[in-house]
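Enquirer: Before I ask anything, here is the structure I am working with.
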Amino acid sequence: MSDDDEYIFAIQGYLDASADTQWVRVMPIRKSVDLKRDAPATVVLEHPESGQSAVMKDSLFEFVYTHAVNYWSTMNIKAGETYRLTAERSDGATSSATVTLPEDFPTPVVQMGRSGFDYVYINGIKKLADVHTRFHTESGKIVVVPHIRDTVSRRSDDYVVAIDPAEDLAALGEHNTDGYTRKEIFVAAGGPNWPPMGSIDEDLISMPEGVSNVTSGAGYLAGIVSKILPYRCCFDENGDHAPCPLE
C-alpha cells in the first residue's frame with residue numbers, strides 16, 4: 001500500500017436534518033494491533049456552498065485494543081444540502097466524506113386496528129432509509145423494533161408499512177423490560193446516494209474494501225431527514241385520517 005492509499009480513519013454515522021445535534025463516530029485505522037492510545041482527531045463539519053463550518057466536540061469511548069470517539073456538533077443541518085466532514089490526524093493526514101441530504105417529506109399517516117394490523121402510510125420519499133417502532137421503557141431504556149422489511153413500495157415515492165402490534169410486544173418482551181411508557185414510530189428518508197444497507201453485511205461496511213464513501217478511510221457517512229410520530233390515529237375536520245402533530 002502506498003502512502004497515497006493509506007487508510008487514516010473509519011467514519012461511521014449520519015447527518016440528520018431533523019436533529020438538533022449531530023453525532024458521528026470516528027476511529028483511527030491501525031496497521032497493527034497494540035494498546036497505545038491514539039492522538040485525538042480534529043473533526044470539522046462544513047457546508048461548502050455557504051462556507052459555514054464547525055469543529056465538532058468529542059466524547060471518548062473505549063474498545064478492546066483501541067478507542068473510538070463520538071464527535072458532536074449543534075451546527076444547523078438542512079434538508080437537500082451537501083456537507084463535508086473531515087477528520088485530521090496530528091500529522092496532517094485526513095479522511096473525509098461528502099454527503100447530500102434528502103429533501104423533507106410530508107408527515108406520514110397512521111391507521112390502527114385494521115384486520116389486526118396497524119398501518120403507516122408514507123409518501124414523498126425517494127429512498128426510504130428506516131422505519132421502526134420505538135418503545136420508551138419504564139427503566140429509561142429505548143427498545144427499537146425494525147419494520148423496514150414490513151414495508152411495501154406502492155410507487156416510486158409511496159410506501160405502506162404493516163405493523164403487527166402483537167409481534168411488537170413480543171419483541172419488546174425479549175428485552176426483559178418492565179413495561180413501556182410511550183410508543184413511537186420513526187421514519188427516515190435517505191439521501192440520493194443512500195446504499196441498500198439492509199442487504200449489505202455489517203462487516204463488509206466496516207472494512208476499507210467494503211461499501212464506503214470515505215476518502216482515505218473506511219465506513220459510511222449517510223444523510224437523512226427523520227420524523228418521530230406518535231403511535232396513534234389523528235383525524236381532520238372531516239373525520240378523515242390525517243397526520244398527527246409531531247412530538
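Following the order of the C-alpha cells, chains are lettered A, B, ..., residues in each are numbered from 1, and ligands are numbered from 1.
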For A:Ala129, list every protein, DNA or RNA residue within 10 Å, evaluated using only C-alpha atoms, and leave out those in the same chain fewer than 5 positions away; present the list as a tab-separated table (two decimals) with all heavy atoms, in the first residue's frame.

Expert:
```tsv
chain	number	residue	atom	x	y	z
A	148	ILE	N	-38.56	-2.15	8.45
A	148	ILE	CA	-38.25	-1.88	7.05
A	148	ILE	C	-38.63	-3.07	6.18
A	148	ILE	O	-39.04	-2.91	5.01
A	148	ILE	CB	-36.75	-1.52	6.88
A	148	ILE	CG1	-36.49	-0.90	5.50
A	148	ILE	CG2	-35.86	-2.70	7.15
A	148	ILE	CD1	-37.01	0.49	5.34
A	187	VAL	N	-39.49	7.29	11.18
A	187	VAL	CA	-39.41	7.17	9.72
A	187	VAL	C	-38.28	8.07	9.24
A	187	VAL	O	-38.18	9.22	9.65
A	187	VAL	CB	-40.73	7.58	9.04
A	187	VAL	CG1	-40.60	7.48	7.52
A	187	VAL	CG2	-41.89	6.72	9.53
A	188	ALA	N	-37.41	7.53	8.37
A	188	ALA	CA	-36.29	8.33	7.86
A	188	ALA	C	-36.15	8.16	6.36
A	188	ALA	O	-36.25	7.05	5.82
A	188	ALA	CB	-34.99	7.92	8.54
A	189	ALA	N	-35.93	9.29	5.68
A	189	ALA	CA	-35.61	9.30	4.25
A	189	ALA	C	-34.10	9.37	4.09
A	189	ALA	O	-33.41	10.08	4.83
A	189	ALA	CB	-36.26	10.50	3.58
A	190	GLY	N	-33.56	8.62	3.12
A	190	GLY	CA	-32.14	8.64	2.84
A	190	GLY	C	-31.81	9.55	1.67
A	190	GLY	O	-32.66	9.82	0.81
A	191	GLY	N	-30.61	10.04	1.64
A	191	GLY	CA	-30.17	10.93	0.58
A	191	GLY	C	-30.03	10.22	-0.76
A	191	GLY	O	-30.22	8.99	-0.86
A	194	TRP	N	-27.94	7.02	-0.87
A	194	TRP	CA	-28.18	6.06	0.20
A	194	TRP	C	-28.01	4.63	-0.32
A	194	TRP	O	-28.67	4.23	-1.28
A	194	TRP	CB	-29.60	6.23	0.76
A	194	TRP	CG	-29.91	5.30	1.88
A	194	TRP	CD1	-30.54	4.09	1.80
A	194	TRP	CD2	-29.61	5.49	3.26
A	194	TRP	NE1	-30.64	3.52	3.03
A	194	TRP	CE2	-30.08	4.35	3.95
A	194	TRP	CE3	-28.99	6.51	3.98
A	194	TRP	CZ2	-29.95	4.21	5.33
A	194	TRP	CZ3	-28.85	6.37	5.35
A	194	TRP	CH2	-29.33	5.25	6.01
A	195	PRO	N	-27.13	3.82	0.29
A	195	PRO	CA	-26.90	2.46	-0.19
A	195	PRO	C	-27.95	1.50	0.38
A	195	PRO	O	-28.62	1.82	1.37
A	195	PRO	CB	-25.51	2.13	0.38
A	195	PRO	CG	-25.47	2.90	1.66
A	195	PRO	CD	-26.26	4.18	1.41
A	196	PRO	N	-28.10	0.32	-0.19
A	196	PRO	CA	-29.06	-0.67	0.34
A	196	PRO	C	-28.50	-1.33	1.59
A	196	PRO	O	-28.05	-2.47	1.57
A	196	PRO	CB	-29.21	-1.67	-0.81
A	196	PRO	CG	-27.90	-1.60	-1.53
A	196	PRO	CD	-27.44	-0.17	-1.42
A	197	MET	N	-28.51	-0.60	2.72
A	197	MET	CA	-27.87	-1.07	3.95
A	197	MET	C	-28.43	-2.42	4.41
A	197	MET	O	-27.72	-3.25	4.95
A	197	MET	CB	-28.05	-0.03	5.06
A	197	MET	CG	-27.26	1.24	4.85
A	197	MET	SD	-25.48	0.96	4.90
A	197	MET	CE	-24.89	2.65	4.95
A	198	GLY	N	-29.72	-2.64	4.23
A	198	GLY	CA	-30.33	-3.87	4.72
A	198	GLY	C	-29.81	-5.12	4.04
A	198	GLY	O	-29.89	-6.22	4.58
A	222	ALA	N	-23.85	8.87	6.17
A	222	ALA	CA	-25.10	8.98	5.43
A	222	ALA	C	-25.80	10.30	5.76
A	222	ALA	O	-25.44	10.99	6.73
A	222	ALA	CB	-26.02	7.81	5.76
A	223	GLY	N	-26.79	10.63	4.95
A	223	GLY	CA	-27.59	11.82	5.20
A	223	GLY	C	-29.07	11.46	5.23
A	223	GLY	O	-29.54	10.74	4.34
A	224	ILE	N	-29.80	11.91	6.25
A	224	ILE	CA	-31.21	11.56	6.36
A	224	ILE	C	-32.03	12.77	6.80
A	224	ILE	O	-31.50	13.77	7.30
A	224	ILE	CB	-31.45	10.41	7.37
A	224	ILE	CG1	-31.16	10.87	8.81
A	224	ILE	CG2	-30.63	9.18	7.01
A	224	ILE	CD1	-31.59	9.86	9.88
A	225	VAL	N	-33.34	12.66	6.59
A	225	VAL	CA	-34.34	13.50	7.25
A	225	VAL	C	-35.28	12.55	7.96
A	225	VAL	O	-35.75	11.57	7.37
A	225	VAL	CB	-35.11	14.37	6.23
A	225	VAL	CG1	-36.25	15.12	6.93
A	225	VAL	CG2	-34.19	15.35	5.54
A	226	SER	N	-35.55	12.78	9.24
A	226	SER	CA	-36.34	11.83	10.02
A	226	SER	C	-37.54	12.52	10.66
A	226	SER	O	-37.56	13.74	10.85
A	226	SER	CB	-35.48	11.18	11.11
A	226	SER	OG	-35.10	12.14	12.08
```

Enquirer: Tell me which protein, DNA and RNA residues are within 7 Å of A:Tyr7, counting only C-alpha atoms, leaving out same-chain ones fewer than 2 positions away, and put them as JSON, numbers by chain.

Expert: {"A": [5, 9, 29, 216, 217]}

Enquirer: In stretch 28-233 of chain A, what's helix (DSSP H, G or I) per DSSP? Answer as an NGL selection string?

Expert: :A and (148-150 or 165-173 or 197-199 or 202-206)

Enquirer: Do you know which residues are at most 12 Å from A:Arg89 counting only C-alpha atoms, after dropping those on the same chain fewer than 5 positions away, and could you put them as a count of residues only?

Expert: 18

Enquirer: Would you please give, as a ChimeraX atom specification, all residues of stretch 6-124 of chain A that DSSP assigns to strand (DSSP E) based on the backbone?

Expert: /A:9-16,22-28,42-47,52-55,57-63,66-73,82-88,94-100,109-114,117-123

Enquirer: Just to confirm, what's the straight-line distance from atom CA of A:Leu85 to atom CA of A:Asp104 in Å (one decimal)?

Expert: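 It comes out at 21.5 Å.
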